[in-house]
$ cat target38.cif   # mmCIF, C-alpha atoms (C1' of nucleotides)
data_input
loop_
_atom_site.group_PDB
_atom_site.id
_atom_site.type_symbol
_atom_site.label_atom_id
_atom_site.label_comp_id
_atom_site.auth_asym_id
_atom_site.auth_seq_id
_atom_site.Cartn_x
_atom_site.Cartn_y
_atom_site.Cartn_z
ATOM 1 C CA MET A 23 76.090 163.170 89.390
ATOM 2 C CA SER A 24 77.097 159.608 88.555
ATOM 3 C CA GLU A 25 77.272 158.379 84.987
ATOM 4 C CA LYS A 26 74.183 156.269 85.541
ATOM 5 C CA GLU A 27 72.193 159.110 87.049
ATOM 6 C CA LEU A 28 73.213 161.311 84.162
ATOM 7 C CA ARG A 29 72.051 158.811 81.606
ATOM 8 C CA ARG A 30 68.765 158.314 83.387
ATOM 9 C CA SER A 31 68.147 162.031 83.411
ATOM 10 C CA LEU A 32 68.873 162.681 79.743
ATOM 11 C CA SER A 33 65.807 163.920 77.899
ATOM 12 C CA VAL A 34 65.892 161.823 74.763
ATOM 13 C CA LEU A 35 62.482 160.214 74.278
ATOM 14 C CA PRO A 36 59.601 161.744 72.315
ATOM 15 C CA ILE A 37 56.066 161.381 73.594
ATOM 16 C CA GLY A 38 55.295 158.651 71.069
ATOM 17 C CA THR A 39 57.901 156.414 72.665
ATOM 18 C CA VAL A 40 56.582 157.230 76.117
ATOM 19 C CA MET A 41 53.102 156.249 74.979
ATOM 20 C CA LYS A 42 54.365 152.822 73.989
ATOM 21 C CA LEU A 43 56.525 152.266 77.046
ATOM 22 C CA THR A 44 53.745 153.241 79.417
ATOM 23 C CA ASP A 45 50.676 152.254 77.442
ATOM 24 C CA LEU A 46 49.120 155.650 78.046
ATOM 25 C CA THR A 47 47.649 158.136 75.582
ATOM 26 C CA ALA A 48 49.339 161.429 74.762
ATOM 27 C CA ARG A 49 46.353 163.132 76.342
ATOM 28 C CA GLN A 50 46.989 161.377 79.648
ATOM 29 C CA ILE A 51 50.704 162.070 79.657
ATOM 30 C CA ARG A 52 50.164 165.744 78.903
ATOM 31 C CA TYR A 53 47.488 165.982 81.550
ATOM 32 C CA TYR A 54 49.849 164.647 84.221
ATOM 33 C CA GLU A 55 52.278 167.310 83.187
ATOM 34 C CA GLU A 56 49.554 169.964 83.365
ATOM 35 C CA GLN A 57 49.000 168.824 86.936
ATOM 36 C CA GLY A 58 52.674 169.237 87.724
ATOM 37 C CA LEU A 59 53.384 165.535 88.141
ATOM 38 C CA VAL A 60 56.023 165.271 85.396
ATOM 39 C CA LEU A 61 58.189 167.994 83.982
ATOM 40 C CA PRO A 62 59.668 166.896 80.657
ATOM 41 C CA LYS A 63 62.161 169.122 78.912
ATOM 42 C CA ARG A 64 61.350 170.644 75.540
ATOM 43 C CA ASN A 65 63.566 170.590 72.481
ATOM 44 C CA GLU A 66 64.232 173.606 70.271
ATOM 45 C CA GLY A 67 61.038 172.922 68.355
ATOM 46 C CA ASN A 68 58.936 172.797 71.526
ATOM 47 C CA ARG A 69 58.454 169.032 71.466
ATOM 48 C CA ARG A 70 58.425 167.301 74.865
ATOM 49 C CA MET A 71 61.464 165.128 75.458
ATOM 50 C CA TYR A 72 61.394 162.606 78.279
ATOM 51 C CA SER A 73 64.108 160.919 80.335
ATOM 52 C CA LEU A 74 64.135 157.433 81.825
ATOM 53 C CA ASN A 75 63.444 159.046 85.172
ATOM 54 C CA ASP A 76 60.374 160.680 83.654
ATOM 55 C CA ILE A 77 59.231 157.262 82.480
ATOM 56 C CA ASP A 78 59.586 155.856 85.976
ATOM 57 C CA ARG A 79 57.584 158.714 87.340
ATOM 58 C CA ILE A 80 54.829 158.317 84.783
ATOM 59 C CA LEU A 81 54.592 154.595 85.483
ATOM 60 C CA GLU A 82 54.313 155.396 89.170
ATOM 61 C CA ILE A 83 51.514 157.846 88.447
ATOM 62 C CA LYS A 84 49.763 155.176 86.438
ATOM 63 C CA ASP A 85 50.102 152.709 89.312
ATOM 64 C CA PHE A 86 48.813 155.189 91.860
ATOM 65 C CA LEU A 87 45.827 156.050 89.703
ATOM 66 C CA GLY A 88 45.175 152.363 89.249
ATOM 67 C CA GLU A 89 45.113 151.991 92.998
ATOM 68 C CA GLY A 90 42.457 154.654 93.303
ATOM 69 C CA LEU A 91 44.539 157.672 94.268
ATOM 70 C CA ASN A 92 43.555 160.898 92.570
ATOM 71 C CA ILE A 93 45.904 163.479 91.124
ATOM 72 C CA ALA A 94 45.925 165.590 94.296
ATOM 73 C CA ALA A 95 46.914 162.595 96.415
ATOM 74 C CA ILE A 96 49.700 161.752 94.020
ATOM 75 C CA GLN A 97 50.908 165.330 94.142
ATOM 76 C CA ALA A 98 51.013 164.964 97.931
ATOM 77 C CA VAL A 99 53.010 161.749 97.714
ATOM 78 C CA PHE A 100 55.556 163.374 95.461
ATOM 79 C CA ALA A 101 55.694 166.531 97.547
ATOM 80 C CA LYS A 102 56.336 164.513 100.683
ATOM 81 C CA ARG A 103 59.031 162.511 98.974
ATOM 82 C CA GLU A 104 60.676 165.673 97.718
ATOM 83 C CA ALA A 105 60.623 167.248 101.163
ATOM 84 C CA LYS A 106 62.220 164.117 102.561
ATOM 85 C CA ARG A 107 64.849 164.185 99.841
ATOM 86 C CA LYS A 108 65.618 167.793 100.552
ATOM 87 C CA GLN A 109 65.882 167.166 104.265
ATOM 88 C CA GLU A 110 68.273 164.281 103.752
ATOM 89 C CA GLN A 111 70.274 166.534 101.502
ATOM 90 C CA GLU A 112 70.486 169.156 104.239
ATOM 91 C CA SER A 113 71.473 166.578 106.803
ATOM 92 C CA LEU A 114 74.257 165.478 104.573
ATOM 93 C CA ALA A 115 75.319 169.046 104.006
ATOM 94 C CA LYS A 116 75.553 169.601 107.751
ATOM 95 C CA SER A 117 77.749 166.524 107.917
ATOM 96 C CA ILE A 118 75.937 164.896 110.760
ATOM 97 C CA SER A 119 77.529 161.883 112.332
ATOM 98 C CA ASP A 120 76.944 158.415 110.986
ATOM 99 C CA ASP A 121 74.984 157.473 114.076
ATOM 100 C CA GLU A 122 72.647 160.391 113.741
ATOM 101 C CA ALA A 123 72.198 159.654 110.066
ATOM 102 C CA ARG A 124 71.361 156.043 110.781
ATOM 103 C CA GLU A 125 68.757 157.058 113.306
ATOM 104 C CA LEU A 126 67.249 159.554 110.900
ATOM 105 C CA LEU A 127 66.990 156.983 108.169
ATOM 106 C CA HIS A 128 65.355 154.579 110.595
ATOM 107 C CA LYS A 129 62.680 157.122 111.491
ATOM 108 C CA GLU A 130 62.063 157.816 107.851
ATOM 109 C CA PHE A 131 61.771 154.141 107.183
ATOM 110 C CA LEU A 132 59.097 153.761 109.880
ATOM 111 C CA ASN A 133 57.149 156.606 108.294
ATOM 112 C CA LEU A 134 57.512 155.282 104.744
ATOM 113 C CA GLY A 135 54.361 155.126 102.656
ATOM 114 C CA GLY A 136 52.466 157.463 104.946
ATOM 115 C CA LEU A 137 50.013 159.440 102.845
ATOM 116 C CA ALA A 138 48.809 162.884 103.770
ATOM 117 C CA ASP A 139 45.038 163.016 104.039
ATOM 118 C CA ASN A 140 44.189 166.615 103.570
ATOM 119 C CA ASN A 141 40.539 166.073 104.381
ATOM 120 C CA ASN A 142 41.352 164.792 107.838
ATOM 121 C CA PRO A 143 42.084 167.742 110.147
ATOM 122 C CA PHE A 144 43.666 165.392 112.679
ATOM 123 C CA ASN A 145 46.223 164.126 110.236
ATOM 124 C CA ASN A 146 49.047 166.512 110.895
ATOM 125 C CA PRO A 147 52.194 164.426 111.069
ATOM 126 C CA MET A 148 54.733 166.459 113.049
ATOM 127 C CA MET B 21 68.254 138.175 77.229
ATOM 128 C CA SER B 22 69.043 139.986 80.470
ATOM 129 C CA GLU B 23 67.034 142.955 81.594
ATOM 130 C CA LYS B 24 69.937 145.228 80.811
ATOM 131 C CA GLU B 25 70.468 143.816 77.327
ATOM 132 C CA LEU B 26 66.789 144.172 76.641
ATOM 133 C CA ARG B 27 66.750 147.806 77.632
ATOM 134 C CA ARG B 28 69.809 148.523 75.553
ATOM 135 C CA SER B 29 68.187 146.975 72.515
ATOM 136 C CA LEU B 30 64.867 148.799 72.736
ATOM 137 C CA SER B 31 64.313 151.054 69.741
ATOM 138 C CA VAL B 32 63.081 154.215 71.386
ATOM 139 C CA LEU B 33 65.145 157.118 70.072
ATOM 140 C CA PRO B 34 64.251 159.228 67.033
ATOM 141 C CA ILE B 35 66.981 160.364 64.686
ATOM 142 C CA GLY B 36 66.911 163.871 66.116
ATOM 143 C CA THR B 37 68.027 162.537 69.471
ATOM 144 C CA VAL B 38 70.719 160.433 67.829
ATOM 145 C CA MET B 39 72.000 163.524 66.055
ATOM 146 C CA LYS B 40 72.467 165.282 69.381
ATOM 147 C CA LEU B 41 73.976 162.313 71.183
ATOM 148 C CA THR B 42 76.474 161.623 68.415
ATOM 149 C CA ASP B 43 76.962 165.091 67.004
ATOM 150 C CA LEU B 44 76.368 163.802 63.492
ATOM 151 C CA THR B 45 73.988 165.032 60.813
ATOM 152 C CA ALA B 46 70.913 163.055 59.760
ATOM 153 C CA ARG B 47 72.564 162.671 56.385
ATOM 154 C CA GLN B 48 75.555 160.946 57.919
ATOM 155 C CA ILE B 49 73.498 158.652 60.118
ATOM 156 C CA ARG B 50 71.303 157.594 57.203
ATOM 157 C CA TYR B 51 74.329 157.061 54.998
ATOM 158 C CA TYR B 52 75.869 154.675 57.508
ATOM 159 C CA GLU B 53 72.609 152.767 57.465
ATOM 160 C CA GLU B 54 72.627 152.743 53.663
ATOM 161 C CA GLN B 55 76.050 151.134 53.895
ATOM 162 C CA GLY B 56 74.701 148.468 56.241
ATOM 163 C CA LEU B 57 76.594 149.674 59.289
ATOM 164 C CA VAL B 58 73.550 150.308 61.471
ATOM 165 C CA LEU B 59 70.099 148.789 61.212
ATOM 166 C CA PRO B 60 67.615 150.864 63.174
ATOM 167 C CA LYS B 61 64.050 149.633 63.502
ATOM 168 C CA ARG B 62 61.216 151.606 61.944
ATOM 169 C CA ASN B 63 58.024 152.585 63.697
ATOM 170 C CA GLU B 64 54.541 152.237 62.181
ATOM 171 C CA GLY B 65 54.980 155.561 60.405
ATOM 172 C CA ASN B 66 58.305 154.525 58.873
ATOM 173 C CA ARG B 67 60.418 156.739 61.152
ATOM 174 C CA ARG B 68 63.768 155.293 62.204
ATOM 175 C CA MET B 69 63.913 154.393 65.881
ATOM 176 C CA TYR B 70 67.308 153.744 67.470
ATOM 177 C CA SER B 71 68.406 151.754 70.506
ATOM 178 C CA LEU B 72 71.281 152.455 72.886
ATOM 179 C CA ASN B 73 73.172 149.704 71.133
ATOM 180 C CA ASP B 74 72.634 151.542 67.858
ATOM 181 C CA ILE B 75 74.082 154.660 69.458
ATOM 182 C CA ASP B 76 77.175 152.774 70.567
ATOM 183 C CA ARG B 77 77.600 151.445 67.089
ATOM 184 C CA ILE B 78 77.232 154.840 65.473
ATOM 185 C CA LEU B 79 79.748 156.355 67.863
ATOM 186 C CA GLU B 80 82.117 153.556 66.965
ATOM 187 C CA ILE B 81 81.638 154.275 63.277
ATOM 188 C CA LYS B 82 82.350 157.916 63.960
ATOM 189 C CA ASP B 83 85.550 156.991 65.791
ATOM 190 C CA PHE B 84 86.702 154.663 63.040
ATOM 191 C CA LEU B 85 86.079 157.284 60.391
ATOM 192 C CA GLY B 86 87.945 159.790 62.511
ATOM 193 C CA GLU B 87 90.870 157.420 62.575
ATOM 194 C CA GLY B 88 90.966 157.253 58.807
ATOM 195 C CA LEU B 89 89.143 153.986 58.162
ATOM 196 C CA ASN B 90 86.719 154.062 55.285
ATOM 197 C CA ILE B 91 83.255 152.548 55.209
ATOM 198 C CA ALA B 92 84.438 149.292 53.648
ATOM 199 C CA ALA B 93 87.057 148.818 56.352
ATOM 200 C CA ILE B 94 84.480 149.429 59.042
ATOM 201 C CA GLN B 95 82.179 146.926 57.411
ATOM 202 C CA ALA B 96 85.033 144.443 57.585
ATOM 203 C CA VAL B 97 85.628 145.145 61.261
ATOM 204 C CA PHE B 98 81.993 144.560 62.061
ATOM 205 C CA ALA B 99 81.791 141.477 59.898
ATOM 206 C CA LYS B 100 84.805 139.983 61.623
ATOM 207 C CA ARG B 101 83.356 140.755 65.025
ATOM 208 C CA GLU B 102 80.063 139.208 64.058
ATOM 209 C CA ALA B 103 81.766 136.051 62.784
ATOM 210 C CA LYS B 104 83.663 135.829 66.059
ATOM 211 C CA ARG B 105 80.459 136.276 68.011
ATOM 212 C CA LYS B 106 78.743 133.590 66.036
ATOM 213 C CA GLN B 107 81.629 131.206 66.503
ATOM 214 C CA GLU B 108 81.647 131.752 70.249
ATOM 215 C CA GLN B 109 77.949 131.142 70.208
ATOM 216 C CA GLU B 110 78.464 127.830 68.464
ATOM 217 C CA SER B 111 81.211 126.811 70.843
ATOM 218 C CA LEU B 112 78.878 127.476 73.704
ATOM 219 C CA ALA B 113 76.165 125.490 72.005
ATOM 220 C CA LYS B 114 78.453 122.540 71.653
ATOM 221 C CA SER B 115 79.121 122.790 75.366
ATOM 222 C CA ILE B 116 82.860 122.630 75.102
ATOM 223 C CA SER B 117 84.826 122.228 78.281
ATOM 224 C CA ASP B 118 85.932 125.208 80.308
ATOM 225 C CA ASP B 119 89.534 124.564 79.424
ATOM 226 C CA GLU B 120 88.839 124.544 75.725
ATOM 227 C CA ALA B 121 86.814 127.746 76.048
ATOM 228 C CA ARG B 122 89.639 129.440 77.927
ATOM 229 C CA GLU B 123 92.078 128.503 75.211
ATOM 230 C CA LEU B 124 89.719 129.726 72.503
ATOM 231 C CA LEU B 125 89.273 133.068 74.209
ATOM 232 C CA HIS B 126 93.023 133.392 74.527
ATOM 233 C CA LYS B 127 93.517 132.843 70.826
ATOM 234 C CA GLU B 128 90.854 135.402 70.046
ATOM 235 C CA PHE B 129 92.495 137.847 72.367
ATOM 236 C CA LEU B 130 95.789 137.484 70.547
ATOM 237 C CA ASN B 131 94.024 138.181 67.274
ATOM 238 C CA LEU B 132 92.058 141.177 68.573
ATOM 239 C CA GLY B 133 92.068 144.308 66.458
ATOM 240 C CA GLY B 134 93.334 142.545 63.349
ATOM 241 C CA LEU B 135 91.939 144.319 60.295
ATOM 242 C CA ALA B 136 91.355 142.550 57.026
ATOM 243 C CA ASP B 137 93.219 144.213 54.166
ATOM 244 C CA ASN B 138 91.230 143.373 51.094
ATOM 245 C CA ASN B 139 93.805 144.843 48.757
ATOM 246 C CA ASN B 140 96.441 142.412 49.889
ATOM 247 C CA PRO B 141 95.892 139.090 48.130
ATOM 248 C CA PHE B 142 98.150 137.410 50.686
ATOM 249 C CA ASN B 143 96.072 138.479 53.599
ATOM 250 C CA ASN B 144 93.794 135.518 53.940
ATOM 251 C CA PRO B 145 93.521 134.748 57.640
ATOM 252 C CA MET B 146 92.452 131.102 57.847
ATOM 253 C "C1'" DG C 2 18.995 163.218 93.078
ATOM 254 C "C1'" DC C 3 21.553 166.752 90.945
ATOM 255 C "C1'" DG C 4 25.106 169.949 90.039
ATOM 256 C "C1'" DT C 5 30.308 169.818 90.088
ATOM 257 C "C1'" DT C 6 34.703 167.990 89.508
ATOM 258 C "C1'" DT C 7 37.952 164.828 87.538
ATOM 259 C "C1'" DA C 8 40.355 162.268 84.175
ATOM 260 C "C1'" DT C 9 40.206 161.322 79.588
ATOM 261 C "C1'" DG C 10 38.371 161.256 74.661
ATOM 262 C "C1'" DT C 11 37.861 163.662 70.357
ATOM 263 C "C1'" DT C 12 38.427 167.016 66.865
ATOM 264 C "C1'" DA C 13 40.494 170.863 64.371
ATOM 265 C "C1'" DC C 14 44.342 173.261 63.051
ATOM 266 C "C1'" DT C 15 49.450 174.485 63.066
ATOM 267 C "C1'" DT C 16 54.273 173.594 63.459
ATOM 268 C "C1'" DT C 17 58.083 170.484 63.624
ATOM 269 C "C1'" DT C 18 60.343 166.375 62.420
ATOM 270 C "C1'" DT C 19 61.530 162.871 59.408
ATOM 271 C "C1'" DA C 20 61.609 160.356 54.927
ATOM 272 C "C1'" DT C 21 63.056 160.003 50.159
ATOM 273 C "C1'" DA C 22 65.418 161.372 46.230
ATOM 274 C "C1'" DA C 23 68.139 163.999 43.351
ATOM 275 C "C1'" DC C 24 71.869 166.972 42.461
ATOM 276 C "C1'" DA C 25 76.347 169.162 44.191
ATOM 277 C "C1'" DT C 26 81.057 168.889 45.824
ATOM 278 C "C1'" DA C 27 85.574 168.716 48.248
ATOM 279 C "C1'" DA C 28 89.061 165.572 49.115
ATOM 280 C "C1'" DG C 29 91.177 161.365 48.218
ATOM 281 C "C1'" DT C 30 92.281 157.592 44.892
ATOM 282 C "C1'" DT C 31 93.593 155.517 40.553
ATOM 283 C "C1'" DA D 14 92.209 164.044 34.692
ATOM 284 C "C1'" DA D 15 88.526 160.947 35.724
ATOM 285 C "C1'" DC D 16 86.423 158.420 39.530
ATOM 286 C "C1'" DT D 17 85.006 157.439 44.131
ATOM 287 C "C1'" DT D 18 83.670 158.595 48.717
ATOM 288 C "C1'" DA D 19 81.451 160.871 52.345
ATOM 289 C "C1'" DT D 20 78.692 164.549 53.083
ATOM 290 C "C1'" DG D 21 75.994 168.944 52.019
ATOM 291 C "C1'" DT D 22 71.849 170.986 50.106
ATOM 292 C "C1'" DT D 23 67.316 171.396 48.356
ATOM 293 C "C1'" DA D 24 62.594 170.034 47.256
ATOM 294 C "C1'" DT D 25 58.603 167.617 48.449
ATOM 295 C "C1'" DA D 26 55.558 164.555 51.111
ATOM 296 C "C1'" DA D 27 54.053 162.330 55.212
ATOM 297 C "C1'" DA D 28 54.089 161.550 60.114
ATOM 298 C "C1'" DA D 29 54.355 163.194 64.793
ATOM 299 C "C1'" DA D 30 53.447 166.414 68.073
ATOM 300 C "C1'" DG D 31 51.744 170.974 69.874
ATOM 301 C "C1'" DT D 32 47.677 173.788 71.517
ATOM 302 C "C1'" DA D 33 43.010 174.578 72.401
ATOM 303 C "C1'" DA D 34 38.346 173.818 72.709
ATOM 304 C "C1'" DC D 35 34.404 171.008 73.378
ATOM 305 C "C1'" DA D 36 32.469 166.392 75.090
ATOM 306 C "C1'" DT D 37 31.600 162.974 78.693
ATOM 307 C "C1'" DA D 38 31.350 159.126 82.008
ATOM 308 C "C1'" DA D 39 32.209 158.260 86.592
ATOM 309 C "C1'" DA D 40 32.985 159.843 91.095
ATOM 310 C "C1'" DC D 41 32.000 163.337 94.576
ATOM 311 C "C1'" DG D 42 29.569 166.637 97.557
ATOM 312 C "C1'" DC D 43 25.627 168.362 99.289
#
$ encode --input "target38.cif" --output "structure tokens"
Amino acid sequence: MSEKELRRSLSVLPIGTVMKLTDLTARQIRYYEEQGLVLPKRNEGNRRMYSLNDIDRILEIKDFLGEGLNIAAIQAVFAKREAKRKQEQESLAKSISDDEARELLHKEFLNLGGLADNNNPFNNPM
Amino acid sequence: MSEKELRRSLSVLPIGTVMKLTDLTARQIRYYEEQGLVLPKRNEGNRRMYSLNDIDRILEIKDFLGEGLNIAAIQAVFAKREAKRKQEQESLAKSISDDEARELLHKEFLNLGGLADNNNPFNNPM
DNA sequence: GCGTTTATGTTACTTTTTATAACATAAGTT
DNA sequence: AACTTATGTTATAAAAAGTAACATAAACGC
């Protein structure tokens, strides 16, 4: 992990700071966690400690909610993203050629932003 | 102020976090503040809130102490640095030519690391 | 329309964290 | 030997944060 990534993933912020940085209430932030959307670490005294990455995620949740998505939809967005991340990881692990990788990334780019619609039985992307 | 500078100057970390990041006790951190070496902000409830810049400063204090400097010496180091900063600021304000600025920086470079020795009456650098 | 779900507010109570202040002390200095 | 310095320790108060339960407006589903 790079120095920057490490710093961004350090759990150093208490919920009070997160409230200010995101303009959300503690209730909201804890609810998003309850729904599995953020996973802050805990310190020895059981207080939630957030990283900069957590902040980004919470701000994204706030944006999505503001755009009318509900929690389930946001969970789907994150799940999809994670699957993609994992797949890219695997590709890298298998040391595919640069050309193959470029093609893969292109496909992913075309599909970017696609949201799963679990109420539509016809929406079953590959 | 650049985006980066702004983020580094945001007071978002409680003293508990600072303790972990610096491996110092709360007592030590507060003492350095008492001696004017760090100036954390306070939140509405009077709790100290530290920025990344504060952390850097505290780690520097720790290093200096580890190298045998005492608080007064460290105060002198910081004061000198601050004076230098202010002077550079003024030079910039007066819009001196690039050549003059280069020369100034060179002089400062030559003088870098010079510690005031307040017990030596002959040490009175300009 | 009406019952249900969703996201959030509110309240009560407990634990943890932090603040301040005073006293204690080992090591270094004079 | 007395003094200073940096830090430890202890006591006490206040703030922040945790959990849990009940409340509710707005959206949703039928």
$ closest_residue --input "target38.cif" --among "A:Glu110, A:Ala95, A:Gln50, A:Arg69" --to "chain D" --atoms "all atoms listed in the file"
A:Arg69
$ residues_around --input "target38.cif" --residues "region 15-20 of chain D" --least-positions-apart "4" --cutoff "9 Å" --atoms "all atoms listed in the file" --output "ChimeraX atom specification"
/B:47-48,51,90-91 /C:26,28-31
$ atom_distance --input "target38.cif" --atom1 "C1' of DT15 (chain C)" --atom2 "C1' of DA26 (chain D)"
16.7 Å
$ atom_distance --input "target38.cif" --atom1 "CA of Ile96 (chain A)" --atom2 "CA of Glu55 (chain A)"
12.4 Å
$ residues_around --input "target38.cif" --residues "DC43 (chain D)" --least-positions-apart "6" --cutoff "12 Å" --atoms "only C-alpha atoms (C1' of nucleotides)" --output "PyMOL selection string"
chain C and resi 2-5
$ axis_aligned_box --input "target38.cif" --around "region 46-58 of chain B" --padding-each-side "8 Å" --output "JSON"
{"center_x": 73.8, "center_y": 155.8, "center_z": 57.6, "size_x": 21.7, "size_y": 30.6, "size_z": 23.8}
$ resolve_selection --input "target38.cif" --expression "the PyMOL selection byres ((chain A) within 6 of (chain B))" --output "MDAnalysis selection string"
chainID A and resid 34:35 39
$ resolve_selection --input "target38.cif" --expression "the PyMOL selection byres ((chain D and resi 35) around 9)" --output "list in words"
DT11 and DT12 of chain C; DA34 and DA36 of chain D
$ resolve_selection --input "target38.cif" --expression "the PyMOL selection byres ((chain C and resi 17-25) around 10)" --output "PyMOL selection string"
(chain A and resi 66-69) or (chain B and resi 34-36+46+65-68) or (chain C and resi 15-16+26) or (chain D and resi 21-31)
$ atom_distance --input "target38.cif" --atom1 "CA of Asn73 (chain B)" --atom2 "CA of Arg28 (chain B)"
5.7 Å
